[in-house]
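Reproduced below: target_21.tsv, with TSV, C-alpha atoms.
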chain	number	residue	atom	x	y	z
L	1092	MET	CA	60.48	109.00	107.42
L	1093	ALA	CA	59.95	111.72	104.79
L	1094	LEU	CA	56.34	112.49	103.94
L	1095	ILE	CA	55.36	112.09	100.29
L	1096	SER	CA	52.44	113.88	98.68
L	1097	VAL	CA	50.90	111.74	95.93
L	1098	ILE	CA	48.88	113.78	93.42
L	1099	ILE	CA	46.35	112.22	91.05
L	1100	PRO	CA	44.77	114.63	88.55
L	1101	THR	CA	41.67	113.25	86.84
L	1102	TYR	CA	39.07	114.22	84.28
L	1103	ASN	CA	36.12	111.99	83.35
L	1104	ARG	CA	37.85	108.75	84.29
L	1105	LYS	CA	35.52	107.35	86.92
L	1106	THR	CA	35.93	103.80	85.59
L	1107	VAL	CA	39.73	103.64	85.92
L	1108	LEU	CA	40.41	106.10	88.74
L	1109	PRO	CA	39.70	103.54	91.51
L	1110	ARG	CA	42.44	101.31	90.06
L	1111	ALA	CA	44.95	104.16	90.35
L	1112	VAL	CA	43.80	105.02	93.87
L	1113	ASP	CA	44.01	101.42	95.03
L	1114	SER	CA	47.57	101.13	93.69
L	1115	VAL	CA	48.57	104.13	95.81
L	1116	LEU	CA	46.87	102.88	98.96
L	1117	ALA	CA	48.65	99.53	98.54
L	1118	GLN	CA	52.08	101.16	98.89
L	1119	LYS	CA	54.07	100.00	101.93
L	1120	GLY	CA	57.20	101.30	103.63
L	1121	ALA	CA	56.54	104.99	102.97
L	1122	GLU	CA	54.56	107.68	104.77
L	1123	PHE	CA	52.35	109.53	102.31
L	1124	GLU	CA	49.23	111.57	101.76
L	1125	LEU	CA	46.97	111.21	98.73
L	1126	ILE	CA	45.58	114.24	96.89
L	1127	ILE	CA	43.00	113.71	94.14
L	1128	VAL	CA	42.18	116.70	91.94
L	1129	ASP	CA	39.03	116.42	89.84
L	1130	ASP	CA	39.53	118.78	86.90
L	1131	GLY	CA	35.87	119.60	86.33
L	1132	SER	CA	34.65	116.08	85.50
L	1133	THR	CA	31.09	115.58	84.26
L	1134	ASP	CA	30.94	111.80	84.79
L	1135	ASP	CA	30.18	111.57	88.53
L	1136	THR	CA	33.84	111.23	89.48
L	1137	GLU	CA	33.18	112.87	92.83
L	1138	ARG	CA	30.42	110.41	93.62
L	1139	VAL	CA	32.67	107.50	92.68
L	1140	ILE	CA	35.45	108.70	94.95
L	1141	CYS	CA	33.33	109.99	97.81
L	1142	GLY	CA	30.51	107.49	97.45
L	1143	THR	CA	29.99	103.78	97.24
L	1144	ARG	CA	32.60	102.67	94.67
L	1145	ILE	CA	35.52	102.99	97.09
L	1146	SER	CA	33.64	103.97	100.20
L	1147	HIS	CA	36.07	101.96	102.32
L	1148	LEU	CA	38.33	105.01	102.06
L	1149	GLY	CA	35.94	106.96	104.25
L	1150	ILE	CA	36.10	110.04	102.03
L	1151	ARG	CA	33.67	112.77	103.02
L	1152	SER	CA	32.57	115.24	100.36
L	1153	SER	CA	32.46	118.99	100.92
L	1154	LYS	CA	32.20	121.98	98.60
L	1155	ASN	CA	35.76	121.82	97.32
L	1156	GLU	CA	37.66	119.52	99.66
L	1157	ALA	CA	37.09	116.16	101.28
L	1158	ARG	CA	39.30	114.31	103.76
L	1159	VAL	CA	39.93	110.66	104.47
L	1160	PRO	CA	41.99	109.02	107.21
L	1161	SER	CA	44.82	106.42	107.10
L	1162	PRO	CA	46.58	107.57	105.03
L	1163	GLU	CA	45.53	111.19	105.01
L	1164	SER	CA	43.77	111.84	101.72
L	1165	ARG	CA	42.05	114.86	100.29
L	1166	PHE	CA	39.80	115.42	97.31
L	1167	PHE	CA	39.63	118.74	95.44
L	1168	ARG	CA	37.32	119.67	92.61
L	1169	GLN	CA	37.82	122.41	90.01
L	1170	GLU	CA	34.48	123.57	88.68
L	1171	LYS	CA	35.92	124.12	85.19
L	1172	ASN	CA	38.12	121.80	83.17
L	1173	LEU	CA	41.41	123.73	83.22
L	1174	GLY	CA	43.74	120.99	82.01
L	1175	PRO	CA	46.32	118.69	83.61
L	1176	ALA	CA	48.81	121.48	84.36
L	1177	ALA	CA	46.31	123.41	86.48
L	1178	ALA	CA	45.12	120.23	88.22
L	1179	ARG	CA	48.65	119.18	89.16
L	1180	ASN	CA	49.53	122.70	90.25
L	1181	LEU	CA	46.55	122.78	92.61
L	1182	GLY	CA	47.73	119.52	94.10
L	1183	ILE	CA	51.26	120.85	94.53
L	1184	LYS	CA	50.01	124.00	96.26
L	1185	GLU	CA	47.93	121.91	98.68
L	1186	ALA	CA	50.65	119.30	99.28
L	1187	LYS	CA	52.21	118.96	102.72
L	1188	GLY	CA	54.98	116.55	101.75
L	1189	GLU	CA	58.70	117.07	101.35
L	1190	TRP	CA	58.54	114.88	98.25
L	1191	ILE	CA	55.97	115.01	95.44
L	1192	ALA	CA	54.88	112.05	93.31
L	1193	PHE	CA	52.35	112.10	90.48
L	1194	LEU	CA	50.09	109.38	89.12
L	1195	ASP	CA	47.92	109.82	86.05
L	1196	SER	CA	44.44	108.52	86.73
L	1197	ASP	CA	44.59	105.96	83.91
L	1198	ASP	CA	47.87	104.43	85.15
L	1199	GLU	CA	48.73	102.37	88.20
L	1200	TRP	CA	51.74	101.74	90.42
L	1201	LYS	CA	53.23	98.39	91.26
L	1202	PRO	CA	53.86	97.59	94.94
L	1203	GLY	CA	57.03	99.11	96.39
L	1204	LYS	CA	57.24	102.11	94.08
L	1205	LEU	CA	57.42	104.81	96.75
L	1206	LYS	CA	59.74	102.80	98.98
L	1207	ALA	CA	62.15	102.17	96.08
L	1208	GLN	CA	62.35	105.86	95.24
L	1209	LEU	CA	62.95	106.90	98.84
L	1210	GLU	CA	65.76	104.36	98.97
L	1211	PHE	CA	67.19	105.78	95.72
L	1212	PHE	CA	67.32	109.27	97.22
L	1213	ARG	CA	68.90	107.91	100.42
L	1214	LYS	CA	71.70	106.35	98.37
L	1215	ASN	CA	71.98	109.28	95.93
L	1216	PRO	CA	71.67	112.50	97.93
L	1217	ASP	CA	72.76	114.64	94.96
L	1218	TYR	CA	69.51	113.81	93.17
L	1219	LEU	CA	66.28	115.73	93.76
L	1220	ILE	CA	64.21	113.87	91.15
L	1221	CYS	CA	64.05	110.32	89.85
L	1222	GLN	CA	61.75	108.12	87.81
L	1223	THR	CA	61.31	104.38	87.33
L	1224	GLU	CA	61.00	102.19	84.30
L	1225	GLU	CA	57.50	101.26	83.20
L	1226	ILE	CA	55.35	98.61	81.57
L	1227	TRP	CA	53.18	99.65	78.62
L	1228	ILE	CA	49.72	98.25	77.97
L	1229	ARG	CA	48.00	99.24	74.71
L	1230	ASN	CA	44.49	98.03	74.00
L	1231	SER	CA	44.82	95.39	76.74
L	1232	LYS	CA	48.07	93.98	75.36
L	1233	ARG	CA	51.60	94.51	76.64
L	1234	VAL	CA	53.83	96.26	74.12
L	1235	ASN	CA	57.48	97.28	74.10
L	1236	PRO	CA	58.24	101.02	74.00
L	1237	MET	CA	59.98	102.21	70.86
L	1238	LYS	CA	63.66	103.10	71.00
L	1239	LYS	CA	62.83	106.83	70.93
L	1240	HIS	CA	61.05	106.40	74.29
L	1241	GLN	CA	64.08	104.88	76.02
L	1242	LYS	CA	64.72	106.34	79.47
L	1243	PHE	CA	68.07	107.59	80.70
L	1244	GLY	CA	69.53	108.77	83.97
L	1245	GLY	CA	71.94	111.59	84.82
L	1246	TYR	CA	72.20	114.89	82.99
L	1247	ILE	CA	69.70	114.14	80.24
L	1248	PHE	CA	68.71	117.56	78.88
L	1249	GLU	CA	69.64	116.67	75.30
L	1250	LYS	CA	67.76	113.36	75.60
L	1251	CYS	CA	64.63	115.29	76.63
L	1252	LEU	CA	64.57	117.54	73.56
L	1253	PRO	CA	62.93	115.32	70.88
L	1254	LEU	CA	59.98	114.21	73.03
L	1255	CYS	CA	58.99	113.48	76.61
L	1256	VAL	CA	61.20	110.73	78.07
L	1257	VAL	CA	60.20	111.41	81.68
L	1258	SER	CA	56.82	110.02	82.75
L	1259	PRO	CA	54.77	111.95	85.31
L	1260	SER	CA	53.46	108.70	86.79
L	1261	ALA	CA	57.02	107.46	87.30
L	1262	VAL	CA	58.42	110.59	88.97
L	1263	MET	CA	59.17	111.51	92.54
L	1264	MET	CA	60.76	114.90	93.15
L	1265	HIS	CA	61.67	117.21	96.00
L	1266	ARG	CA	59.22	120.08	96.41
L	1267	LYS	CA	62.00	122.68	96.45
L	1268	LEU	CA	62.47	122.05	92.73
L	1269	PHE	CA	59.17	123.84	92.16
L	1270	ASP	CA	60.44	126.84	94.14
L	1271	GLU	CA	63.48	126.97	91.87
L	1272	ILE	CA	62.04	125.92	88.50
L	1273	GLY	CA	58.38	126.91	88.79
L	1274	LEU	CA	55.16	124.95	88.40
L	1275	PHE	CA	53.61	123.33	85.32
L	1276	ASP	CA	52.90	125.87	82.58
L	1277	GLU	CA	49.12	126.26	82.54
L	1278	SER	CA	49.18	128.00	79.15
L	1279	LEU	CA	50.03	124.64	77.56
L	1280	PRO	CA	47.00	122.40	76.98
L	1281	ALA	CA	49.37	119.48	76.34
L	1282	CYS	CA	53.09	118.70	76.71
L	1283	GLU	CA	53.12	120.58	80.00
L	1284	ASP	CA	55.18	117.73	81.43
L	1285	TYR	CA	57.72	117.98	78.58
L	1286	ASP	CA	58.06	121.67	79.40
L	1287	LEU	CA	58.71	121.06	83.10
L	1288	TRP	CA	61.21	118.24	82.54
L	1289	LEU	CA	63.16	120.44	80.11
L	1290	ARG	CA	63.48	123.15	82.74
L	1291	ILE	CA	64.54	120.67	85.41
L	1292	ALA	CA	66.90	118.65	83.20
L	1293	SER	CA	68.72	121.82	82.15
L	1294	LYS	CA	69.94	122.24	85.73
L	1295	HIS	CA	69.61	118.95	87.59
L	1296	LEU	CA	70.41	115.26	87.43
L	1297	ILE	CA	67.40	113.03	86.86
L	1298	GLY	CA	67.71	109.59	88.39
L	1299	LEU	CA	66.45	106.34	86.87
L	1300	ILE	CA	65.42	103.18	88.69
L	1301	GLU	CA	65.67	100.49	86.02
L	1302	LYS	CA	63.01	98.26	87.57
L	1303	PRO	CA	59.48	98.99	86.29
L	1304	TYR	CA	57.13	100.22	88.99
L	1305	ILE	CA	54.53	101.76	86.65
L	1306	ILE	CA	51.89	100.23	84.42
L	1307	LYS	CA	50.91	102.75	81.75
L	1308	TYR	CA	47.70	102.16	79.83
L	1309	GLY	CA	47.16	103.56	76.35
L	1310	GLY	CA	44.93	103.28	73.34
L	1311	HIS	CA	41.83	104.79	74.94
L	1312	ALA	CA	39.85	107.59	73.33
L	1313	ASP	CA	40.47	110.32	75.94
L	1314	GLN	CA	44.26	110.49	75.63
L	1315	ARG	CA	45.66	113.99	75.09
L	1316	SER	CA	47.53	112.83	71.98
L	1317	ARG	CA	44.18	112.16	70.32
L	1318	GLU	CA	42.77	115.53	71.29
L	1319	PHE	CA	45.91	117.30	70.03
L	1320	PRO	CA	47.40	115.17	67.20
L	1321	ALA	CA	50.04	117.80	66.35
L	1322	MET	CA	51.73	117.71	69.75
L	1323	ASP	CA	54.96	119.27	68.46
L	1324	GLN	CA	53.28	122.69	68.36
L	1325	PHE	CA	53.46	122.71	72.17
L	1326	ARG	CA	57.00	121.35	72.27
L	1327	ILE	CA	58.04	124.14	69.90
L	1328	ARG	CA	56.51	126.68	72.27
L	1329	SER	CA	58.38	125.15	75.19
L	1330	LEU	CA	61.68	125.18	73.33
L	1331	ALA	CA	61.21	128.80	72.28
L	1332	LYS	CA	60.38	129.76	75.86
L	1333	ILE	CA	63.41	128.14	77.46
L	1334	LEU	CA	65.70	129.62	74.79
L	1335	SER	CA	64.27	133.09	75.39
L	1336	GLN	CA	65.11	132.89	79.08
L	1337	ASN	CA	68.87	132.72	78.37
L	1338	THR	CA	69.47	130.26	81.21
L	1339	LEU	CA	70.93	127.38	79.21
L	1340	MET	CA	74.59	126.46	78.93
L	1341	PRO	CA	75.96	127.19	75.41
L	1342	GLU	CA	75.90	123.52	74.37
L	1343	GLN	CA	72.37	123.13	75.73
L	1344	ALA	CA	71.19	126.21	73.88
L	1345	ALA	CA	72.71	124.97	70.63
L	1346	ALA	CA	71.00	121.60	70.98
L	1347	ALA	CA	67.66	123.19	71.90
L	1348	ARG	CA	67.83	125.58	68.97
L	1349	LYS	CA	68.64	122.76	66.56
L	1350	THR	CA	65.65	120.75	67.79
L	1351	LEU	CA	63.40	123.81	67.62
L	1352	GLU	CA	64.36	124.52	64.03
L	1353	GLU	CA	63.91	120.87	63.02
L	1354	LYS	CA	60.46	120.63	64.60
L	1355	ALA	CA	59.37	124.03	63.28
L	1356	LYS	CA	60.43	123.13	59.73
L	1357	ILE	CA	58.36	119.96	59.74
L	1358	TYR	CA	55.39	121.67	61.37
L	1359	ILE	CA	55.43	124.66	59.00
L	1360	GLU	CA	55.70	122.39	55.95
L	1361	GLY	CA	52.67	120.44	57.11
L	1362	ALA	CA	50.65	123.57	57.89
L	1363	LEU	CA	51.39	125.11	54.47
L	1364	LYS	CA	50.40	121.88	52.70
L	1365	ARG	CA	47.05	122.05	54.50
L	1366	GLY	CA	46.62	125.68	53.52
L	1367	LYS	CA	46.98	126.92	57.09
L	1368	GLU	CA	49.26	129.89	56.49
L	1369	LYS	CA	48.26	131.66	59.69
L	1370	GLU	CA	49.17	128.59	61.72
L	1371	ALA	CA	52.52	128.35	59.93
L	1372	ALA	CA	53.19	132.02	60.59
L	1373	GLU	CA	52.50	131.61	64.31
L	1374	ILE	CA	55.10	128.85	64.54
L	1375	GLN	CA	57.55	130.85	62.42
L	1376	LYS	CA	57.37	133.67	64.98
L	1377	LEU	CA	58.84	131.30	67.57
L	1378	VAL	CA	61.93	130.55	65.50
L	1379	PRO	CA	65.06	132.70	66.06
L	1380	ARG	CA	65.25	135.57	63.58
L	1381	ASP	CA	68.60	134.48	62.21
L	1382	SER	CA	67.31	130.99	61.40
L	1383	SER	CA	67.37	129.78	57.81
L	1384	LEU	CA	63.70	128.79	57.96
L	1385	GLY	CA	62.48	132.20	56.77
L	1386	THR	CA	64.38	131.95	53.51
L	1387	CYS	CA	63.62	128.25	53.25
L	1388	PHE	CA	59.86	128.84	53.05
L	1389	GLY	CA	59.85	132.33	51.60
L	1390	SER	CA	58.28	135.40	53.14
L	1391	SER	CA	54.82	135.45	51.57
L	1392	PHE	CA	52.99	133.73	54.43
L	1393	LEU	CA	54.88	135.78	57.01
L	1394	THR	CA	53.43	139.03	55.64
L	1395	SER	CA	49.88	137.78	55.70
L	1396	PRO	CA	47.57	139.63	58.14
The structure given in the file should be rewritten as structure tokens.
Amino acid sequence: MALISVIIPTYNRKTVLPRAVDSVLAQKGAEFELIIVDDGSTDDTERVICGTRISHLGIRSSKNEARVPSPESRFFRQEKNLGPAAARNLGIKEAKGEWIAFLDSDDEWKPGKLKAQLEFFRKNPDYLICQTEEIWIRNSKRVNPMKKHQKFGGYIFEKCLPLCVVSPSAVMMHRKLFDEIGLFDESLPACEDYDLWLRIASKHLIGLIEKPYIIKYGGHADQRSREFPAMDQFRIRSLAKILSQNTLMPEQAAAARKTLEEKAKIYIEGALKRGKEKEAAEIQKLVPRDSSLGTCFGSSFLTSP
């Protein structure tokens, strides 16, 4: 049976992390290892994991790595908070599995998640990545995702352009995709998952299991969307990056450019209304030179120092 490396990045979530860990350890019908990466937490996360809260795991703490038996589990700590991209990348580099699965520390898996995805790959050998449907909980109440968050399967590059429609907690992927596509972009403080899925979706099928195996929790104060309310600034950077690499098919490039220009227009308008000309100029630099946005907004803010 193929070995799966399950990676949980966490930062200051000692109260909910045990729920995520328990949902991994409850998985049956799949051989896996668990890797927890503490991204510089200041809330005693290491003590919670390696101490009494879930001491039945048998985790032993060391300077930067701890090990537990049955299943094999390891705990890594980054002394500085470097962000989710760096935390996941550390887990990937340390992973021993053929397949990689991620779980955000504030989410949880339903029983059978790993087994269902292995079965999907057995039946669909052309796929190297798949995700499952999910259940959303906001402020302790179940809510229905909006239409814009609908998930799709197959060649979904164009579906991935407006916003992230692939959930890290729902994904399992073959590790060779990272050799081909690269790791998470650590220069992005947010939307690093959007960036990776764009790169993958431009070249590969992404499978979808329509049964929900994920419970996603939202509404809490430490979500990245609250720290960075203008998330499109990072999506714009990702779109500009993938366009600059000249690896897209013509129809993909056209769709990506259209989305980039639409997002940049809205972002620049908002920045100029708030008097943030420098911010607007930085986004303008990411737009193709032959775009109409320069003439649309005029050139005065572009010439500012």
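Put simply, CA of Glu1199 (chain L) is 6.6 Å away from CA of Arg1110 (chain L).
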Handout entry: Long-range neighbours of region 1125-1129 of chain L as a VMD selection string, 8 Å cut-off, only C-alpha atoms, 2 positions minimum in chain
Key = chain L and resid 1096 to 1102 1115 1123 1131 to 1132 1136 to 1137 1162 to 1169 1178 to 1179 1181 to 1182 1186
Exercise for the section: Tell me, as a PyMOL selection string, which residues lie within 12 Å of region 1340-1353 of chain L, counting all atoms listed in the file; anything in the same chain fewer than 4 positions away does not count. Expected result: chain L and resi 1246-1254+1289-1290+1292-1294+1323-1336+1357-1360+1374-1385+1387
Practice task
Between CA of Gly1309 (chain L) and CA of Val1107 (chain L), measure the distance and give it in Å to one decimal.
Solution key: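 Taking CA of Gly1309 (chain L) as the start and CA of Val1107 (chain L) as the end point, the length is 12.1 Å.
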Where does region 1180-1216 of chain L meet region 1258-1275 of chain L within 9 Å, residue by residue, with the nearest atom pair and distance in Å to one decimal for each, counting all atoms listed in the file, listed by chain and rising number, as CSV?
residue,atom,partner,partner_atom,distance
L:Asn1180,CA,L:Leu1274,CA,6.3
L:Ile1183,CA,L:Arg1266,CA,8.2
L:Gly1188,CA,L:Arg1266,CA,7.7
L:Glu1189,CA,L:Arg1266,CA,5.8
L:Trp1190,CA,L:His1265,CA,4.5
L:Ile1191,CA,L:Met1264,CA,5.3
L:Ala1192,CA,L:Met1263,CA,4.4
L:Phe1193,CA,L:Ser1260,CA,5.1
L:Leu1194,CA,L:Ser1260,CA,4.2
L:Asp1195,CA,L:Ser1260,CA,5.7
L:Asp1198,CA,L:Ser1260,CA,7.2
L:Glu1199,CA,L:Ser1260,CA,8.0
L:Trp1200,CA,L:Ser1260,CA,8.0
L:Lys1204,CA,L:Ala1261,CA,8.6
L:Leu1205,CA,L:Met1263,CA,8.1
L:Gln1208,CA,L:Met1263,CA,7.0
L:Leu1209,CA,L:Met1263,CA,8.7
Practice task
For Arg1229 (chain L), list every protein, DNA or RNA residue within 10 Å, evaluated using all atoms listed in the file, and leave out those in the same chain fewer than 6 positions away; present the list as a list in words.
Solution key: Asn1235, Lys1307, Tyr1308, Gly1309, Gly1310 and His1311 of chain L
Practice task
Between L:Glu1373, L:Asp1217, L:Glu1124, L:Glu1283, single out the one closest to Lys1187 (chain L), counting only C-alpha atoms.
Solution key: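 The shortest atom-to-atom distance to Lys1187 (chain L) comes from L:Glu1124.
Atom to atom, CA of Gln1118 (chain L) and CA of Tyr1218 (chain L) stand 22.3 Å apart.
Of the residues listed (L:Asp1134, L:Val1256, L:Ile1220, L:Leu1363), L:Val1256 shows the shortest atom-to-atom separation from Met1237 (chain L); distances use all atoms listed in the file.
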Exercise for the section: For Lys1242 (chain L), work out the shell of residues within 8 Å, counting only C-alpha atoms and skipping chain neighbours fewer than 5 positions away, then give it as a list in words. Expected result: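 Close residues of Lys1242 (chain L): Glu1224, Val1256, Val1257 and Leu1299 of chain L.
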Handout entry: Proximity to Ile1297 (chain L) - best of L:Thr1106, L:Ser1278, L:Thr1133, L:Thr1223, all atoms listed in the file
Key =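 Using all atoms listed in the file, the shortest distance to Ile1297 (chain L) belongs to L:Thr1223.
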Handout entry: Proximity to His1295 (chain L) - best of L:Ala1111, L:Ala1362, L:Cys1221, L:Cys1141, all atoms listed in the file
Key =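 Looking at the shortest contact to His1295 (chain L), the residue is L:Cys1221.
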Problem - For Lys1232 (chain L), the nearest of the candidates L:Gly1244, L:Arg1104, L:Ile1306, L:Ala1121, counting only C-alpha atoms - result: L:Ile1306
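Among the candidates L:Asn1172, L:Asp1197, L:Lys1184, L:Cys1255, the residue lying nearest to Asp1284 (chain L) is L:Cys1255 (atoms considered: all atoms listed in the file).
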